[in-house]
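To start, the structure under review is shown below, and the notes come after it.
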Amino acid sequence: MQAERKDLGGGFAAVERLLREARTDARRTGYVLVGDEAYLQQEARRGLIRALLDPSLMDFCLSEVDLAEASVFEALDRVSSPSLMAPFQIVFVRNVKLLYQRGAKKDEFAAIEKYLRNPNPQALLVFVADHLHIPADSRRMDMQEKDRYERIRETLGEFCGLVELAQPDEATALRWAVESCAAAGCTLTPDAARELTDALHADLMQMASELEKLRLYVGDKRSIDVADVEAMVEAARQRSLYELTDAISAHDAARSLSLLRGLLNASDAGEDGAIGYLHMLARTFRQMLVILEKNVRDSRAIWQALWPGFRVAPFAVDDLIRQARRYRSREDLMRMLERVARADMEIRSSPPDKAMVLERMVIDLARIGAAPAR
C-alpha cells in the first residue's frame, strides 16, 4: 500500500494501523475486517500475508474457511492446530453474516470466545464481515447497517480487533489515484483523476484496475490525461450503457432486458459489478435531469449546462439529449433516480440473485413516463 502512506484517513488509515500492529508484539490473535470496501479488504489481506507468512510455505500456512460450506468449529480447529510445516499461519473466515442469521449461535460464539481467551500464539484468525456497508461519513449509515455493526462489535468485537473498511469519499479516492500513479512512476493529471473518479464513482477496486490498464496504454509517455481516460474508460463502459438508457427512455422493456444481460455477460465482474452499473445509471439520469431542467437542445449548450467532472463523453452528447427529451417532466426522472436508489439498497443487502434485482429495476424504469395503454 505504498500510495496510501500519506495519511488518506478513513479505511486507508484503518488498514495501515492493522498492518503496523501486525508487525509488532501488539498484534491481536483475532481481527474482524468490517465493511464491503473490496479494495481495502484486498489490501488488508495482502498486507497481512506479506508481513506474517513465508511465500514458499503458502500451502501449509494459509487457510480459507467459508461458513456457507463449513462450520466455524472447523475454522477454530484449523487455527488451534499448530502447523508442522510453517512457523505461522493465518485463517480467513468468510460469510461471517451467517453467524448473525436466524437462530441463536450461542455455541459458535462461545467456542470463538473460548479460543480467543487461550489462542494459538503462532496463528492469526481473521473474520471477513463484508455484509455491511460503511460510508465515508459514518453519520450516513442507515439503521440496518448500524444494527449489524453493533452486533459485530458486541460479539466478535469483544475479543477481536475491529478494522473498519469505510468507503472513501471522492476527494480521498482522487488523492489515492494520483498517489498510486506517482508510486508507479506515472503522472495522473488532476483533470484525468477527476474524470476517472467521477466515471467510476470512487470505486477503488475498479479504479485500480483501470489505472493499471491506463499505465499500459500510455506506455513511455508516463502521463495520463483526460483524453486517455475517455479513450480507455468512458468509451468502453458508457457506449453500452447509453444503449441501455436509450432502450429504457424508449420504454422498450424487452430490449432493455436484453442489453442489461449483455452488459452483465460482457463484464469480468458479472453480476458482482451490479453496484457499478447502478452508479453509472444514476449519473446518466442525473445528467438527463439537468438537460431537461435547463432545456438543452443541442451539443453546444450542453457544455454550459454540465460542469467539469459531470460532463458527458463527446460521442454520447446527441444521444443523451435525445433520450432526456423523451421525458415529459422532471418528476419522471426523479422517480427513476428513486428506483435506482432502491435497487442499490437491495443489492447491498446481499440478495441471492443480484441479476434479478437489476432486471426488475430495468423493467420498472422502462415503464416510467410511458404513455398509458389505451
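Every chain in the C-alpha cells has a letter given in the order shown (A, B, ...), and although residue numbers restart at 1 in each chain, ligands are simply numbered from 1 in the order shown.
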### Message
Please extract the residues of segment 140-215 of chain A with a backbone DSSP assignment of helix (DSSP H, G or I) and present them as JSON, numbers by chain.
### Response
{"A": [140, 143, 144, 145, 146, 147, 148, 149, 150, 151, 152, 153, 154, 156, 157, 158, 170, 171, 172, 173, 174, 175, 176, 177, 178, 179, 180, 181, 182, 183, 190, 191, 192, 193, 194, 195, 196, 197, 198, 199, 204, 205, 206, 207, 208, 209, 210, 211, 212, 213, 214, 215]}
### Query
Could you pull the residues within 9 Å of Arg367 of chain A, counting only C-alpha atoms, minus those fewer than 3 positions along the same chain, as a VMD selection string?
chain A and resid 248 to 249 251 to 253 362 to 364 370 to 371
Output for the residues just chosen: C-alpha atoms as a compact mmCIF listing (two decimals), in the first residue's frame:
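Saved as out_14.txt:
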```
# COMPACT_ATOMS: atom_id res chain seq x y z
CA ILE A 248 -35.21 2.49 -21.19
CA SER A 249 -36.12 6.02 -22.33
CA HIS A 251 -39.92 2.42 -22.86
CA ASP A 252 -38.79 -0.80 -24.54
CA ALA A 253 -38.62 -3.26 -21.64
CA VAL A 362 -34.90 -2.15 -15.62
CA ILE A 363 -38.50 -3.25 -16.28
CA ASP A 364 -39.79 -0.63 -13.82
CA ALA A 370 -44.59 5.71 -20.80
CA ALA A 371 -47.90 6.74 -22.30
```
### Summary
The residue from A:Arg283, A:Arg261, A:Lys213, A:Arg94 with the smallest atom-to-atom distance to Lys354 of chain A, counting only C-alpha atoms, is A:Arg261
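The shortest atom-to-atom distance to Ile275 of chain A, with only C-alpha atoms taken into account, belongs to A:Leu358 out of A:Leu358, A:Leu244, A:Met334, A:Cys181.
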### segment 49-240 of chain A: residues DSSP assigns to strand (DSSP E), reported as a list in words
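Residues meeting the strand (DSSP E) criterion: Leu62, Ser63, Glu64, Val65, Asp66, Gln89, Ile90, Val91, Phe92, Val93, Arg94, Ala123, Leu124, Leu125, Val126, Phe127, Val128, Ala129, Gly161, Leu162, Val163, Glu164, Thr187, Leu188, Ser223 and Ile224 of chain A.
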May I have the selected residues written with C-alpha atoms, as a PDB file, in the first residue's frame?
```pdb
ATOM      1  CA  LEU A  62      -2.800 -20.004   4.656  1.00  0.00           C
ATOM      2  CA  SER A  63      -6.381 -21.251   5.024  1.00  0.00           C
ATOM      3  CA  GLU A  64      -9.801 -20.031   3.877  1.00  0.00           C
ATOM      4  CA  VAL A  65     -12.984 -21.161   5.599  1.00  0.00           C
ATOM      5  CA  ASP A  66     -16.318 -20.237   4.027  1.00  0.00           C
ATOM      6  CA  GLN A  89      -0.447 -19.446   9.900  1.00  0.00           C
ATOM      7  CA  ILE A  90      -3.446 -17.272   9.026  1.00  0.00           C
ATOM      8  CA  VAL A  91      -7.043 -18.473   8.768  1.00  0.00           C
ATOM      9  CA  PHE A  92      -9.532 -16.203   6.954  1.00  0.00           C
ATOM     10  CA  VAL A  93     -13.209 -16.820   7.756  1.00  0.00           C
ATOM     11  CA  ARG A  94     -15.704 -15.653   5.135  1.00  0.00           C
ATOM     12  CA  ALA A 123      -1.687 -18.147  14.305  1.00  0.00           C
ATOM     13  CA  LEU A 124      -3.975 -15.289  13.271  1.00  0.00           C
ATOM     14  CA  LEU A 125      -7.757 -15.613  12.911  1.00  0.00           C
ATOM     15  CA  VAL A 126      -9.345 -13.046  10.552  1.00  0.00           C
ATOM     16  CA  PHE A 127     -13.121 -12.732  10.150  1.00  0.00           C
ATOM     17  CA  VAL A 128     -14.295 -11.014   6.943  1.00  0.00           C
ATOM     18  CA  ALA A 129     -17.586  -9.214   7.704  1.00  0.00           C
ATOM     19  CA  GLY A 161      -9.585  -6.021  16.797  1.00  0.00           C
ATOM     20  CA  LEU A 162     -12.153  -4.262  14.564  1.00  0.00           C
ATOM     21  CA  VAL A 163     -10.819  -2.857  11.283  1.00  0.00           C
ATOM     22  CA  GLU A 164     -13.391  -0.519   9.694  1.00  0.00           C
ATOM     23  CA  THR A 187       1.690  11.082 -13.676  1.00  0.00           C
ATOM     24  CA  LEU A 188      -2.108  11.323 -13.471  1.00  0.00           C
ATOM     25  CA  SER A 223       1.464  10.600 -18.142  1.00  0.00           C
ATOM     26  CA  ILE A 224      -2.294  10.010 -18.140  1.00  0.00           C
TER      27      ILE A 224
END
```
List every residue of segment 23-70 of chain A that has an atom at most 8 Å from any atom of segment 195-205 of chain A, and for each one report the closest atom pair and its distance in Å to one decimal, counting only C-alpha atoms, with rows sorted by chain and then by increasing residue number, as a tab-separated table.
```
residue	atom	partner	partner_atom	distance
A:Glu37	CA	A:Leu204	CA	8.0
A:Ala38	CA	A:Met205	CA	6.4
A:Tyr39	CA	A:Met205	CA	4.8
```
Selection export as a PDB file, in the first residue's frame, atoms kept: C-alpha atoms:
```pdb
ATOM      1  CA  GLU A  37     -14.913  -1.921   0.505  1.00  0.00           C
ATOM      2  CA  ALA A  38     -13.349  -4.617  -1.672  1.00  0.00           C
ATOM      3  CA  TYR A  39     -10.076  -2.873  -2.483  1.00  0.00           C
TER       4      TYR A  39
END
```
### Neighbour list for Leu337 of chain A as an NGL selection string, cut-off 12 Å, only C-alpha atoms, skip fewer than 6 positions in-chain
:A and (278-289 or 330-331 or 343-344 or 361-362 or 364-365 or 368)
Residue selection dump (N, CA and C atoms) as a short mmCIF file (atom, residue, chain, number, x, y, z; two decimals), in the first residue's frame:
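Done, and the output landed in again_16.cif:
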```cif
data_model
loop_
_atom_site.label_atom_id
_atom_site.label_comp_id
_atom_site.auth_asym_id
_atom_site.auth_seq_id
_atom_site.Cartn_x
_atom_site.Cartn_y
_atom_site.Cartn_z
N LEU A 278 -25.30 0.46 -11.33
CA LEU A 278 -26.31 1.33 -10.71
C LEU A 278 -25.78 2.75 -10.59
N HIS A 279 -24.52 2.89 -10.18
CA HIS A 279 -23.92 4.22 -10.08
C HIS A 279 -23.91 4.91 -11.43
N MET A 280 -23.55 4.17 -12.47
CA MET A 280 -23.47 4.76 -13.81
C MET A 280 -24.86 5.15 -14.31
N LEU A 281 -25.86 4.34 -14.05
CA LEU A 281 -27.23 4.69 -14.44
C LEU A 281 -27.70 5.94 -13.70
N ALA A 282 -27.43 6.00 -12.40
CA ALA A 282 -27.86 7.16 -11.61
C ALA A 282 -27.20 8.43 -12.15
N ARG A 283 -25.92 8.36 -12.47
CA ARG A 283 -25.21 9.52 -13.02
C ARG A 283 -25.85 9.97 -14.34
N THR A 284 -26.17 9.00 -15.20
CA THR A 284 -26.75 9.33 -16.50
C THR A 284 -28.13 9.95 -16.35
N PHE A 285 -28.94 9.43 -15.43
CA PHE A 285 -30.26 10.01 -15.22
C PHE A 285 -30.18 11.40 -14.61
N ARG A 286 -29.15 11.63 -13.75
CA ARG A 286 -28.96 12.99 -13.21
C ARG A 286 -28.56 13.96 -14.32
N GLN A 287 -27.73 13.49 -15.26
CA GLN A 287 -27.37 14.34 -16.40
C GLN A 287 -28.62 14.67 -17.23
N MET A 288 -29.46 13.66 -17.45
CA MET A 288 -30.71 13.90 -18.17
C MET A 288 -31.57 14.94 -17.46
N LEU A 289 -31.61 14.85 -16.13
CA LEU A 289 -32.42 15.79 -15.34
C LEU A 289 -31.95 17.22 -15.56
N ARG A 330 -39.61 16.59 -15.02
CA ARG A 330 -38.51 16.23 -14.12
C ARG A 330 -38.96 15.18 -13.11
N GLU A 331 -40.28 15.14 -12.83
CA GLU A 331 -40.80 14.16 -11.87
C GLU A 331 -40.53 12.73 -12.33
N ALA A 343 -32.93 -0.05 -5.77
CA ALA A 343 -32.19 -1.23 -6.23
C ALA A 343 -30.82 -1.29 -5.59
N ASP A 344 -30.20 -0.13 -5.41
CA ASP A 344 -28.90 -0.08 -4.75
C ASP A 344 -28.98 -0.64 -3.32
N MET A 361 -35.57 -3.87 -11.78
CA MET A 361 -35.38 -2.43 -11.84
C MET A 361 -35.52 -1.91 -13.27
N VAL A 362 -34.88 -2.59 -14.23
CA VAL A 362 -34.90 -2.15 -15.62
C VAL A 362 -36.33 -2.17 -16.17
N ASP A 364 -39.09 -1.77 -14.44
CA ASP A 364 -39.79 -0.63 -13.82
C ASP A 364 -39.37 0.68 -14.46
N LEU A 365 -38.07 0.84 -14.73
CA LEU A 365 -37.58 2.09 -15.33
C LEU A 365 -38.18 2.29 -16.72
N ILE A 368 -41.65 3.90 -16.53
CA ILE A 368 -41.80 5.27 -16.03
C ILE A 368 -41.84 6.24 -17.19
#
```
### Task
Counting only C-alpha atoms, figure out which residue out of A:Leu8, A:Leu53, A:Ala110, A:Ala184 gets nearest to Glu158 of chain A.
A:Ala110
